[in-house]
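Notes follow the structure.
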Amino acid sequence: MYPLSMTRPATFFRLFFLGACVGLTACQKSEAPAANGGSGSNAPSPNGKPLIIGVAFETLQTEYWVASFEAIKADLKQRGYPMLEAVSDGDANRQLEQVKNFITRKVDGIILVPKDAKTCLPIIKAANAASIPIVLFNRPADKSAAKSVAIVADNFALTQETVAYLMSEAKKTGRKHKAAILIGDLSDINAIGRRDGFDAALKGNEGVVEVVARIPTEWNQEKAQAGLVNALQANPDISFIFTSSDFLFPSIVSALKSAGKYHKFGTPGHVILGGFDGDATAYQMLQDGYLDATGVQDVYFEARQSIQAILNLRAGKPVPELIRDPGFVVHQGNLQQKAAQMWGAQIAKK
Amino acid sequence: MSTAAAVEFDGIGQSFSGVRVLRGVSFTVGASRTLGLVGENGAGKSTLMNILGGNLRSDTGRMILRGQPYAPAHPTDATRAGIGLIHQELNLFSNLTIAENIFLTSFPRARALPWIDQRTLHARTAALLRDVGLELAPDTLVDRLSAGERQLVEIARALSLDARLIIFDEPTTSLSARETGTLFALLRRLQSQGIALIYISHILDHVRQLCHDLVVLRDGAVVAQGPIETFSTPAIVSAMVGRNLTQLYPTRRGAPATEPALEVRGVSQPHIVCDIRFTLRRGEVLGLSGLMGAGRSELARILFGLDPCSRGEILVSGRPLAGANTRRRIERGLAFLTEDRRHEGLCLEASIADNLALASIRSHARTPLKLIDRTGWQRAISTIREAVRLTAKAEDTQPAQTLSGGNQQKVVLGKWLLASPSVLILDEPTRGVDVGAKFELYQLIMDLADRGSGILVISSEIEELIGVCDRILVMSQGEIRGEFSRPEFSSERLLAAALPRESPA
Amino acid sequence: MSGVATDRSWRTTAARALCSDYFVLWLCVVYVAAVAPFTPGFASLDNATNILATLLPLFVVALGQTLVLIAGGIDLSITSIIGLCSITGAMVMNDETGWLAHSPLAVPAAIAVMLALGGLVGAFNGVAITRFRMPPFIVTLAAMMAFSGLAVWLTQSKAINQLPAAFNALGGRTAIALGIACAAGVGVHVMLSRSLFGRWLYAIGHNARTAHVSGVPVAGVVISAYVCSGVLAALAAILYTGQTETGSPVLGQRILLDVIGATVIGGTSLFGGKGKVLWTLFGVLFLKLVDNSLNLLNLSIFTLTIVKGAVILLAALLDSLRTRLAGSHA
């Protein structure tokens with residue numbers, strides 16, 4: 001009885017499988033022209049052909065990276081440059097493989113969000129060997145013989161600026177504040193820059209703000225929430241909180257709510273809140289009047305600069321190894337005028 | 001009830017990948033009659049019943065059920081037509097209760113509500129269990145039931161579906177003598193209620209006791225049919241095997257030697273076996289008889305090191321085993337053909353060759369890398385295949401599960417023969433094996449004894465033990481209760497010794 | 001009537017093709033032929049080298065997984081072994097802070113430590129599974145979490161670079177990596193097809209109880225299989241680390257699906273008892289071809305994972321089908 005009833009699904013399955021392969025090919029076919037031509041105005045590159053840019057991200061798992069990715073994509077589209085994309089999902093070896101694929105496809109430039117400062121070195125070497133300009137987006141590589149350009153937000157300066165604004169708000173209340181800071185993963189250079197920026201802004205203002213809690217979060221929402229709840233129990237009079245990244249706000253809000261301390265700007269009991277990144281949650285909180293200020297990384301600026309750096313490198317113009325994105329502070333006072341530049345606002349409006 | 005035949009097969013034919021397994025099978029099961037269906041394994045009995053049960057559709061021919069054309073597309077069609085199938089391997093869920101198993105596909109519902117009416121379920125199950133003579137609570141887990149009790153639950157399920165024709169496929173293979181008695185009493189009751197039965201079995205005595213009519217299948221064709229009285233047992237056997245089998249058991253040529261192969265001295269394990277003492281001599285075939293649960297298989301497992309024992313000593317060829325594990329015991333010359341061929345005897349999906357080699361392959365491994373000497377290995381495989389007379393149709397690379405029960409058992413036996421054991425323990429060696437193959441297995445066992453090994457045979461078929469053994473021990477309640485030498489053999493005496501004693505108050 | 005006959009013979013051919021050792025290789029060929037015309041750069045020498053370079057370490061890990069799957073187990077801890085070995089090796093030999101920095105013994109010592117560590121984790125898995133009768137899935141899942149946690153803790157999630165060039169060459173130079181992977185492949189192949197250990201491993205995978213009753217040292221063989229898997233994962237860690245020139249605690253964290261997927265696509269059964277080195281090689285090749293072509297086609301990451309997931313699911317279906325076919329093939 002078996003041979004009869006079993007071979008039937010076997011043939012069916014084989015057909016199905018081959019069908020799937022053919023179907024796949026068909027849908028690839030329809031994608032192929034898009035990759036070669038792209039849409040839009042086909043603005044000529046210096047030698048008259050649109051440039052193909054490979055964009056390799058380490059992750060697309062937070063809003064910030066998605067927004068950056070979209071910003072680069074939109075910028076390239078406007079220029080009429082086709083783009084190859086790859087996401088390595090946190091795997092450094094896979095990223096190397098993906099960039100090698102770009103090189104195989106003879107891209108004209110590579111924009112890379114590396115896994116970390118070290119594992120990207122062989123990737124940069126591979127691009128160097130193929131004489132393809134490579135730009136590191138938002139994360140610089142360690143010093144080495146490999147040549148690349150990095151675009152990074154000026155974490156230190158922007159945090160300092162943001163916290164300075166918060167300090168001025170604190171002074172206006174005329175009383176002394178107890179403060180908590182949520183610190184990121186200290187193996188991340190960005191987290192260190194932000195912590196140092198906070199401390200620099202604090203200097204000279206010890207009379208206004210006294211830091212009673214430094215909460216290590218390791219970029220983890222649960223840890224942030226638990227740490228803040230503990231801090232609020234130990235110091236119920238905390239009235240000033242800064243987070244090294246906006247993505248921790250949901251945890252902060254929930255900790256504040258359960259302590260009965262979540263109040264709007266201008267109402268009694270308001271806790272002065274500041275953050276960094278400028279994501280959609282932060283935008284919403286600014287609009288609703290809970291958040292005082294956040295330092296915004298200008299992803300549109302960073303995207304534009306990345307592409308420009310590739311063009312300049314191709315043209316043989318000098319390009320600094322590190323391009324800083326100064327960013328800007330969005331606060332209750334300038335929200336309306338800055339919203340258009342704030343990536344989180346664009347997401348929130350979608 | 002009409003007097004139309006319960007079922008009529010008309011020219012049923014079936015082929016698998018060009019091999020014809022049924023050819024023009026025609027016979028009739030009369031209303032309220034019991035038909036015995038016999039044949040060697042592979043004769044086509046199961047295929048035919050699968051066609052009747054809606055698991056298969058025949059290539060040619062038709063069936064007529066109580067005067068109506070009948071062509072089931074699915075097993076549920078058969079159920080709806082009043083056909084119940086009690087399988088050789090029982091189809092119960094051991095993690096569910098008796099009631100849940102019986103009503104699995106047709107739970108009584110609370111009126112218009114999606115949940116189950118527990119009270120009705122309970123009451124109806126209790127009534128069914130009474131019908132089949134099983135005194136158990138409906139919410140007993142099937143896990144706790146013996147094989148015989150499970151069989152009765154299967155029958156209760158068929159009755160719950162108003163079966164008018166019930167097929168029994170080897171129902172007694174895993175039953176003790178007493179459970180078989182209970183089953184037969186129930187079957188007679190079903191007969192008297194006008195239910196037609198098809199009874200498939202290798203045990204011709206049972207067929208003779210129960211059936212009105214007989215059909216013998218061989219190679220997919222009906223080779224004999226008629227009222228049971230018109231057949232003598234040898235006539236049935238020769239119809240089945242296609243040649244004259246004048247005797248059921250081979251004649252013993254050799255005789256036991258005096259030196260011991262296996263000595264068991266006071267082996268005990270609380271609640272399992274108690275103070276077992278016996279000596280198996282070289283060249284002796286020793287039978288171990290008893291009812292289910294008497295501790296026979298448990299004793300065998302202890303001897304082989306699969307289960308622990310708290311006291312006692314076991315000697316092989318005069319040297320104590322002293323806590324050796326199974327592997328060491330095999331090296332010392334023990335071999336054990338377990339009663340559970342599918343789970344402990346064979347790797348069903350592995351090839352015949354790999355199965356044959358499993359216990360002895362170590363001897364073909366060459367140091368230092370323990371690589372297998374493949375020519376030596378291959379030679380051993382072909383030698384043993386010939387020795388156990390494995391069917392020539394099967395290739396070495398074929399999975400063991402494609403073989404019939406008898407050939408599977410020959411593979412397990414071959415595996416142990418390759419390890420050249422000095423003591424071979426066989427637990428129910430002929431279960432699920434057809435008549436022809438049984439004879440060959442007995443012959444192999446006796447040949448091994450003639451070559452000087454000691455053989456311990458456990459069997460629930462008393463006739464079989466009488467047929468092959470030099471001496472028989474009877475176990476009951478974990479103890480040895482009797483010892484019989486050849487002249488003293490009789491079924492009655494053996495059975496009397498096997499019955500449990502009332503425990504002293 | 002003749003129509004039925006040809007239909008049947010066609011089916012038999014299909015069944016035979018499906019059961020053939022080379023089925024997945026043919027699939028690869030069909031896939032390449034179907035996809036190459038539409039995929040820029042797919043059928044180029046450069047790309048072939050790329051595929052080969054990324055295939056080798058995956059193949060080495062998958063070899064270990066094949067052994068464990070044949071025994072009827074599964075090893076989820078391989079990813080943590082790769083990360084742990086990567087950073088331990090890097091800690092031993094890196095030029096900045098390494099314990100043996102600049103010593104001529106640095107590279108051999110680091111390799112020895114990595115392989116030993118892989119074997120140790122494997123032994124831990126094997127012992128927990130056989131002696132304490134815990135399910136392989138849970139044991140190796142726990143090991144995966146514990147050991148990757150350990151790796152992250154040891155380094156405070158920092159990567160270590162400045163590795164000796166001689167070490168980087170092992171994984172970075174495709175020719176050397178090819179030599180290592182071939183040696184591992186041949187070794188495992190001989191083990192499986194020619195050795196006593198191989199026979200025992202298959203028997204245990206088919207039916208551990210029968211194997212035990214037949215005198216196979218089941219626990220010892222199973223532990224050895226996990227040790228082999230651990231050592232091979234460590235070997236893959238050497239290749240991966242050389243490729244990125246960096247010891248990273250999260251190295252290889254995402255390849256678990258690829259490893260098990262590739263092995264099963266090749267035809268190794270998740271239910272034990274079946275598997276061959278050649279099958280695994282073809283499975284890895286197929287997975288890498290799909291991966292690489294989808295990458296070159298510039299499909300978005302979302303599409304890519306969906307398609308890959310579908311391919312692996314299809315392979316699992318294929319596996320169950322093959323199992324059933326093998327059972328009925330007479």
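Ligands are numbered from 1 in the order shown, residues from 1 within each chain, and chains are lettered A, B, ... in the order they appear in the structure tokens.
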Can you pull out every residue within 12 Å of Gly327 of chain A, counting only C-alpha atoms, but drop anything in the same chain fewer than 3 positions away, and send it as a PyMOL selection string? chain A and resi 151-162+276-278+294-302+324+330+338+341-343
Export of the given selection (N, CA and C atoms) as a PDB file, in the first residue's frame:
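Saved to selection.pdb:
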ATOM      1  N   ILE A 151      30.989  58.857   9.630  1.00  0.00           N
ATOM      2  CA  ILE A 151      30.094  59.958   9.971  1.00  0.00           C
ATOM      3  C   ILE A 151      29.525  59.623  11.339  1.00  0.00           C
ATOM      4  N   VAL A 152      29.780  60.457  12.332  1.00  0.00           N
ATOM      5  CA  VAL A 152      29.210  60.161  13.646  1.00  0.00           C
ATOM      6  C   VAL A 152      28.585  61.400  14.252  1.00  0.00           C
ATOM      7  N   ALA A 153      27.577  61.167  15.044  1.00  0.00           N
ATOM      8  CA  ALA A 153      26.982  62.262  15.789  1.00  0.00           C
ATOM      9  C   ALA A 153      27.992  62.685  16.837  1.00  0.00           C
ATOM     10  N   ASP A 154      28.033  63.986  17.128  1.00  0.00           N
ATOM     11  CA  ASP A 154      28.937  64.454  18.168  1.00  0.00           C
ATOM     12  C   ASP A 154      28.239  64.240  19.500  1.00  0.00           C
ATOM     13  N   ASN A 155      28.349  63.018  19.991  1.00  0.00           N
ATOM     14  CA  ASN A 155      27.623  62.628  21.191  1.00  0.00           C
ATOM     15  C   ASN A 155      27.905  63.554  22.358  1.00  0.00           C
ATOM     16  N   PHE A 156      29.204  63.822  22.523  1.00  0.00           N
ATOM     17  CA  PHE A 156      29.617  64.623  23.672  1.00  0.00           C
ATOM     18  C   PHE A 156      28.991  66.012  23.607  1.00  0.00           C
ATOM     19  N   ALA A 157      29.224  66.706  22.490  1.00  0.00           N
ATOM     20  CA  ALA A 157      28.780  68.096  22.394  1.00  0.00           C
ATOM     21  C   ALA A 157      27.258  68.201  22.446  1.00  0.00           C
ATOM     22  N   LEU A 158      26.607  67.272  21.742  1.00  0.00           N
ATOM     23  CA  LEU A 158      25.152  67.355  21.672  1.00  0.00           C
ATOM     24  C   LEU A 158      24.513  67.044  23.032  1.00  0.00           C
ATOM     25  N   THR A 159      25.089  66.070  23.738  1.00  0.00           N
ATOM     26  CA  THR A 159      24.559  65.773  25.071  1.00  0.00           C
ATOM     27  C   THR A 159      24.784  66.963  26.000  1.00  0.00           C
ATOM     28  N   GLN A 160      25.992  67.503  25.892  1.00  0.00           N
ATOM     29  CA  GLN A 160      26.306  68.651  26.753  1.00  0.00           C
ATOM     30  C   GLN A 160      25.307  69.782  26.506  1.00  0.00           C
ATOM     31  N   GLU A 161      25.028  70.023  25.228  1.00  0.00           N
ATOM     32  CA  GLU A 161      24.099  71.090  24.871  1.00  0.00           C
ATOM     33  C   GLU A 161      22.696  70.809  25.418  1.00  0.00           C
ATOM     34  N   THR A 162      22.270  69.538  25.259  1.00  0.00           N
ATOM     35  CA  THR A 162      20.934  69.162  25.720  1.00  0.00           C
ATOM     36  C   THR A 162      20.820  69.314  27.229  1.00  0.00           C
ATOM     37  N   PHE A 276      18.205  61.547  24.360  1.00  0.00           N
ATOM     38  CA  PHE A 276      19.112  61.651  23.234  1.00  0.00           C
ATOM     39  C   PHE A 276      18.627  60.734  22.123  1.00  0.00           C
ATOM     40  N   ASP A 277      18.621  61.182  20.894  1.00  0.00           N
ATOM     41  CA  ASP A 277      18.256  60.433  19.679  1.00  0.00           C
ATOM     42  C   ASP A 277      17.204  61.189  18.881  1.00  0.00           C
ATOM     43  N   GLY A 278      16.099  61.514  19.564  1.00  0.00           N
ATOM     44  CA  GLY A 278      15.010  62.190  18.863  1.00  0.00           C
ATOM     45  C   GLY A 278      14.084  61.226  18.159  1.00  0.00           C
ATOM     46  N   THR A 294      15.360  66.900  23.940  1.00  0.00           N
ATOM     47  CA  THR A 294      16.144  65.744  23.526  1.00  0.00           C
ATOM     48  C   THR A 294      17.147  66.183  22.468  1.00  0.00           C
ATOM     49  N   GLY A 295      18.337  65.559  22.535  1.00  0.00           N
ATOM     50  CA  GLY A 295      19.352  65.862  21.535  1.00  0.00           C
ATOM     51  C   GLY A 295      19.080  65.000  20.316  1.00  0.00           C
ATOM     52  N   VAL A 296      18.913  65.632  19.157  1.00  0.00           N
ATOM     53  CA  VAL A 296      18.515  64.886  17.972  1.00  0.00           C
ATOM     54  C   VAL A 296      19.706  64.662  17.067  1.00  0.00           C
ATOM     55  N   GLN A 297      19.923  63.397  16.699  1.00  0.00           N
ATOM     56  CA  GLN A 297      20.920  63.095  15.678  1.00  0.00           C
ATOM     57  C   GLN A 297      20.272  63.422  14.346  1.00  0.00           C
ATOM     58  N   ASP A 298      20.983  64.149  13.541  1.00  0.00           N
ATOM     59  CA  ASP A 298      20.397  64.598  12.272  1.00  0.00           C
ATOM     60  C   ASP A 298      20.662  63.539  11.196  1.00  0.00           C
ATOM     61  N   VAL A 299      19.773  62.551  11.124  1.00  0.00           N
ATOM     62  CA  VAL A 299      20.034  61.432  10.204  1.00  0.00           C
ATOM     63  C   VAL A 299      20.020  61.899   8.751  1.00  0.00           C
ATOM     64  N   TYR A 300      19.274  62.964   8.459  1.00  0.00           N
ATOM     65  CA  TYR A 300      19.231  63.444   7.065  1.00  0.00           C
ATOM     66  C   TYR A 300      20.572  64.053   6.693  1.00  0.00           C
ATOM     67  N   PHE A 301      21.138  64.766   7.669  1.00  0.00           N
ATOM     68  CA  PHE A 301      22.465  65.329   7.470  1.00  0.00           C
ATOM     69  C   PHE A 301      23.483  64.199   7.294  1.00  0.00           C
ATOM     70  N   GLU A 302      23.381  63.201   8.165  1.00  0.00           N
ATOM     71  CA  GLU A 302      24.342  62.096   8.122  1.00  0.00           C
ATOM     72  C   GLU A 302      24.244  61.339   6.801  1.00  0.00           C
ATOM     73  N   ARG A 324      31.680  64.971  11.668  1.00  0.00           N
ATOM     74  CA  ARG A 324      30.797  65.030  12.834  1.00  0.00           C
ATOM     75  C   ARG A 324      29.446  65.605  12.459  1.00  0.00           C
ATOM     76  N   VAL A 330      16.093  69.647  20.467  1.00  0.00           N
ATOM     77  CA  VAL A 330      14.689  70.019  20.322  1.00  0.00           C
ATOM     78  C   VAL A 330      14.117  70.135  21.727  1.00  0.00           C
ATOM     79  N   LYS A 338      11.562  72.904  14.493  1.00  0.00           N
ATOM     80  CA  LYS A 338      12.562  71.862  14.247  1.00  0.00           C
ATOM     81  C   LYS A 338      11.936  70.517  13.841  1.00  0.00           C
ATOM     82  N   GLN A 341      12.971  68.576  10.752  1.00  0.00           N
ATOM     83  CA  GLN A 341      14.306  67.989  10.670  1.00  0.00           C
ATOM     84  C   GLN A 341      14.455  66.783  11.585  1.00  0.00           C
ATOM     85  N   MET A 342      13.460  66.581  12.446  1.00  0.00           N
ATOM     86  CA  MET A 342      13.593  65.550  13.472  1.00  0.00           C
ATOM     87  C   MET A 342      13.065  64.230  12.924  1.00  0.00           C
ATOM     88  N   TRP A 343      13.924  63.201  12.862  1.00  0.00           N
ATOM     89  CA  TRP A 343      13.506  61.956  12.215  1.00  0.00           C
ATOM     90  C   TRP A 343      12.348  61.288  12.937  1.00  0.00           C
TER      91      TRP A 343
END
Within 12 Å of chain A, which residues belong to chain B? Use only C-alpha atoms and report them as a list in words. Gln14, Ser15, Phe16, Ser17, Gly18, Val19, Arg20, Val21, Leu22, Gly44, Ser46, Thr47, Leu48, Asn50, Ile51, Asn55, Leu56, Arg57, Ser58, Asp59 and Thr402 of chain B
Dump of N, CA and C atoms for the selected residues, as a short mmCIF file (atom, residue, chain, number, x, y, z; two decimals), in the first residue's frame:
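Below is the file that was written, again.cif:
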data_model
loop_
_atom_site.label_atom_id
_atom_site.label_comp_id
_atom_site.auth_asym_id
_atom_site.auth_seq_id
_atom_site.Cartn_x
_atom_site.Cartn_y
_atom_site.Cartn_z
N GLN B 14 -5.21 -6.52 -6.17
CA GLN B 14 -4.45 -5.35 -5.73
C GLN B 14 -2.98 -5.54 -6.06
N SER B 15 -2.35 -4.50 -6.59
CA SER B 15 -0.91 -4.56 -6.87
C SER B 15 -0.23 -3.35 -6.27
N PHE B 16 0.99 -3.54 -5.81
CA PHE B 16 1.83 -2.43 -5.37
C PHE B 16 3.07 -2.40 -6.24
N SER B 17 3.32 -1.29 -6.86
CA SER B 17 4.48 -1.13 -7.76
C SER B 17 4.68 -2.38 -8.62
N GLY B 18 3.61 -2.83 -9.22
CA GLY B 18 3.73 -3.94 -10.16
C GLY B 18 3.72 -5.31 -9.50
N VAL B 19 3.81 -5.37 -8.16
CA VAL B 19 3.76 -6.67 -7.50
C VAL B 19 2.31 -6.97 -7.11
N ARG B 20 1.80 -8.10 -7.57
CA ARG B 20 0.40 -8.41 -7.25
C ARG B 20 0.33 -9.06 -5.88
N VAL B 21 -0.37 -8.41 -4.97
CA VAL B 21 -0.47 -8.95 -3.62
C VAL B 21 -1.81 -9.63 -3.37
N LEU B 22 -2.81 -9.28 -4.18
CA LEU B 22 -4.09 -9.99 -4.11
C LEU B 22 -4.51 -10.29 -5.53
N GLY B 44 -1.46 -11.77 2.17
CA GLY B 44 -2.43 -10.78 1.70
C GLY B 44 -3.59 -10.53 2.65
N SER B 46 -3.71 -8.90 5.59
CA SER B 46 -3.83 -7.52 6.08
C SER B 46 -4.26 -6.57 4.97
N THR B 47 -3.75 -6.79 3.77
CA THR B 47 -4.14 -5.93 2.64
C THR B 47 -5.64 -6.04 2.41
N LEU B 48 -6.14 -7.26 2.44
CA LEU B 48 -7.57 -7.48 2.20
C LEU B 48 -8.39 -6.77 3.28
N ASN B 50 -7.45 -4.21 5.02
CA ASN B 50 -7.33 -2.76 4.82
C ASN B 50 -8.29 -2.28 3.75
N ILE B 51 -8.53 -3.12 2.75
CA ILE B 51 -9.50 -2.76 1.72
C ILE B 51 -10.90 -2.73 2.31
N ASN B 55 -9.02 1.63 4.32
CA ASN B 55 -7.68 2.22 4.27
C ASN B 55 -7.08 2.18 2.88
N LEU B 56 -7.61 1.31 2.06
CA LEU B 56 -7.06 1.10 0.72
C LEU B 56 -8.23 0.91 -0.23
N ARG B 57 -8.02 1.29 -1.50
CA ARG B 57 -9.04 0.96 -2.48
C ARG B 57 -8.49 -0.09 -3.44
N SER B 58 -9.23 -1.12 -3.68
CA SER B 58 -8.70 -2.21 -4.49
C SER B 58 -8.63 -1.79 -5.95
N ASP B 59 -7.67 -2.39 -6.69
CA ASP B 59 -7.55 -2.11 -8.11
C ASP B 59 -8.72 -2.69 -8.88
N THR B 402 10.77 -3.74 6.25
CA THR B 402 10.06 -4.21 5.07
C THR B 402 9.88 -5.73 5.10
#
Residue hits in chain C, query chain B, radius 6 Å, only C-alpha atoms, as a short mmCIF file (atom, residue, chain, number, x, y, z; two decimals) with N, CA and C atoms, in the first residue's frame:
data_model
loop_
_atom_site.label_atom_id
_atom_site.label_comp_id
_atom_site.auth_asym_id
_atom_site.auth_seq_id
_atom_site.Cartn_x
_atom_site.Cartn_y
_atom_site.Cartn_z
N ARG C 194 33.11 4.13 7.78
CA ARG C 194 34.02 2.99 7.89
C ARG C 194 34.25 2.52 9.31
N SER C 195 33.96 3.37 10.30
CA SER C 195 34.43 2.98 11.63
C SER C 195 33.32 2.35 12.46
N LEU C 196 33.77 1.67 13.50
CA LEU C 196 32.87 1.05 14.46
C LEU C 196 31.98 2.12 15.09
N HIS C 206 18.81 5.08 15.17
CA HIS C 206 17.62 4.32 14.76
C HIS C 206 16.82 3.86 15.96
N ASN C 207 17.52 3.31 16.93
CA ASN C 207 16.82 2.74 18.07
C ASN C 207 17.82 2.51 19.20
N ARG C 209 17.37 1.74 22.27
CA ARG C 209 17.12 0.59 23.15
C ARG C 209 17.66 -0.69 22.53
N THR C 210 17.38 -0.86 21.23
CA THR C 210 17.91 -2.04 20.56
C THR C 210 19.43 -2.02 20.62
N SER C 214 21.81 -4.73 22.32
CA SER C 214 22.78 -5.45 21.49
C SER C 214 24.22 -5.19 21.92
N GLY C 215 24.39 -4.51 23.06
CA GLY C 215 25.74 -4.36 23.58
C GLY C 215 26.49 -3.14 23.10
#
Proximity check chain C to chain A, 8 Å, nearest pairs one decimal Å, only C-alpha atoms, as a Markdown table:
| residue | atom | partner | partner_atom | distance |
| --- | --- | --- | --- | --- |
| C:Arg11 | CA | A:Thr7 | CA | 5.9 |
| C:Thr12 | CA | A:Thr7 | CA | 7.1 |
| C:Ala14 | CA | A:Thr11 | CA | 6.1 |
| C:Ala15 | CA | A:Thr7 | CA | 6.2 |
| C:Leu18 | CA | A:Ala10 | CA | 7.8 |
| C:Tyr31 | CA | A:Cys21 | CA | 6.9 |
| C:Ala34 | CA | A:Thr25 | CA | 6.6 |
| C:Val35 | CA | A:Thr25 | CA | 5.7 |
| C:Phe38 | CA | A:Lys29 | CA | 5.8 |
| C:Thr39 | CA | A:Ala32 | CA | 7.5 |
| C:Pro40 | CA | A:Arg105 | CA | 6.7 |
| C:Gly41 | CA | A:Arg105 | CA | 5.5 |
| C:Asp46 | CA | A:Thr104 | CA | 6.3 |
| C:Asn47 | CA | A:Thr104 | CA | 6.1 |
| C:Asn50 | CA | A:Lys100 | CA | 6.9 |
| C:Thr54 | CA | A:Glu97 | CA | 6.8 |
| C:Gln156 | CA | A:Ser187 | CA | 7.3 |
| C:Ser157 | CA | A:Ser187 | CA | 6.8 |
| C:Lys158 | CA | A:Ser187 | CA | 6.1 |
| C:Ala159 | CA | A:Lys118 | CA | 6.5 |
| C:Ile160 | CA | A:Lys118 | CA | 7.4 |
| C:Asn161 | CA | A:Lys118 | CA | 6.5 |
| C:Tyr240 | CA | A:Asn93 | CA | 6.9 |
| C:Gln243 | CA | A:Asn93 | CA | 7.2 |
| C:Thr244 | CA | A:Thr119 | CA | 5.5 |
| C:Glu245 | CA | A:Pro122 | CA | 6.7 |
| C:Thr246 | CA | A:Thr119 | CA | 5.7 |
| C:Ser248 | CA | A:Thr119 | CA | 7.9 |
| C:Val250 | CA | A:Asp91 | CA | 7.8 |
| C:Leu251 | CA | A:Asp91 | CA | 6.8 |
| C:Gly252 | CA | A:Asp91 | CA | 6.5 |
| C:Gln253 | CA | A:Asp91 | CA | 7.0 |
| C:Arg254 | CA | A:Asp91 | CA | 6.3 |
| C:Asn292 | CA | A:Asn101 | CA | 7.6 |
| C:Asn295 | CA | A:Ala86 | CA | 6.9 |
| C:Leu296 | CA | A:Asn101 | CA | 6.4 |
| C:Leu297 | CA | A:Gln28 | CA | 6.9 |
| C:Asn298 | CA | A:Leu84 | CA | 5.4 |
| C:Leu299 | CA | A:Glu85 | CA | 7.5 |
| C:Ser300 | CA | A:Glu85 | CA | 6.7 |
| C:Ile301 | CA | A:Val87 | CA | 5.9 |
| C:Leu314 | CA | A:Phe17 | CA | 7.7 |
| C:Leu318 | CA | A:Phe13 | CA | 7.9 |
| C:Leu321 | CA | A:Ala10 | CA | 6.9 |
| C:Arg324 | CA | A:Met6 | CA | 7.2 |
| C:Leu325 | CA | A:Met6 | CA | 6.5 |
| C:Ser328 | CA | A:Tyr2 | CA | 5.5 |
| C:His329 | CA | A:Pro3 | CA | 7.0 |
Let's have the selection written as a compact mmCIF listing (two decimals), in the first residue's frame, with C-alpha atoms.
# COMPACT_ATOMS: atom_id res chain seq x y z
CA ARG C 11 6.65 8.15 -10.12
CA THR C 12 9.22 5.50 -9.36
CA ALA C 14 10.76 10.61 -9.00
CA ALA C 15 10.97 8.55 -5.84
CA LEU C 18 14.33 12.01 -4.22
CA TYR C 31 18.86 26.44 -8.91
CA ALA C 34 17.46 29.00 -13.09
CA VAL C 35 18.76 31.96 -11.16
CA PHE C 38 18.77 37.09 -13.74
CA THR C 39 21.38 37.61 -11.06
CA PRO C 40 24.21 39.97 -11.93
CA GLY C 41 27.56 38.63 -10.81
CA ASP C 46 34.82 36.05 -7.79
CA ASN C 47 31.45 35.10 -6.49
CA ASN C 50 33.04 34.24 -2.02
CA THR C 54 31.66 31.54 3.55
CA GLN C 156 32.36 42.69 28.78
CA SER C 157 31.01 42.35 25.24
CA LYS C 158 34.12 43.90 23.73
CA ALA C 159 35.70 42.38 20.66
CA ILE C 160 39.41 41.56 20.67
CA ASN C 161 41.57 42.21 17.65
CA TYR C 240 35.34 32.49 11.44
CA GLN C 243 37.92 35.77 8.56
CA THR C 244 36.98 38.75 10.70
CA GLU C 245 40.45 38.97 12.28
CA THR C 246 38.65 39.60 15.54
CA SER C 248 34.11 38.31 19.30
CA VAL C 250 28.84 37.07 19.70
CA LEU C 251 30.59 35.48 16.73
CA GLY C 252 28.32 33.06 14.95
CA GLN C 253 25.38 33.83 17.19
CA ARG C 254 23.00 33.90 14.24
CA ASN C 292 24.17 34.47 -1.93
CA ASN C 295 21.78 38.86 -1.56
CA LEU C 296 23.03 39.67 -5.03
CA LEU C 297 19.45 40.17 -6.17
CA ASN C 298 19.20 42.92 -3.64
CA LEU C 299 16.05 41.55 -2.04
CA SER C 300 15.27 43.30 1.19
CA ILE C 301 16.26 41.62 4.40
CA LEU C 314 10.50 22.80 2.36
CA LEU C 318 11.46 16.75 1.94
CA LEU C 321 8.91 12.48 2.68
CA ARG C 324 8.44 7.64 4.43
CA LEU C 325 9.72 6.69 1.00
CA SER C 328 8.18 1.76 1.85
CA HIS C 329 10.99 1.24 -0.61
All residues 7 Å or closer to segment 122-129 of chain C, only C-alpha atoms, same chain fewer than 5 positions away omitted, as a list in words: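 Skipping anything fewer than 5 positions along the chain leaves Met134, Pro135, Pro136, Val139, Thr140, Val222, Ile223, Tyr226, Val227, Ser229 and Gly230 of chain C.
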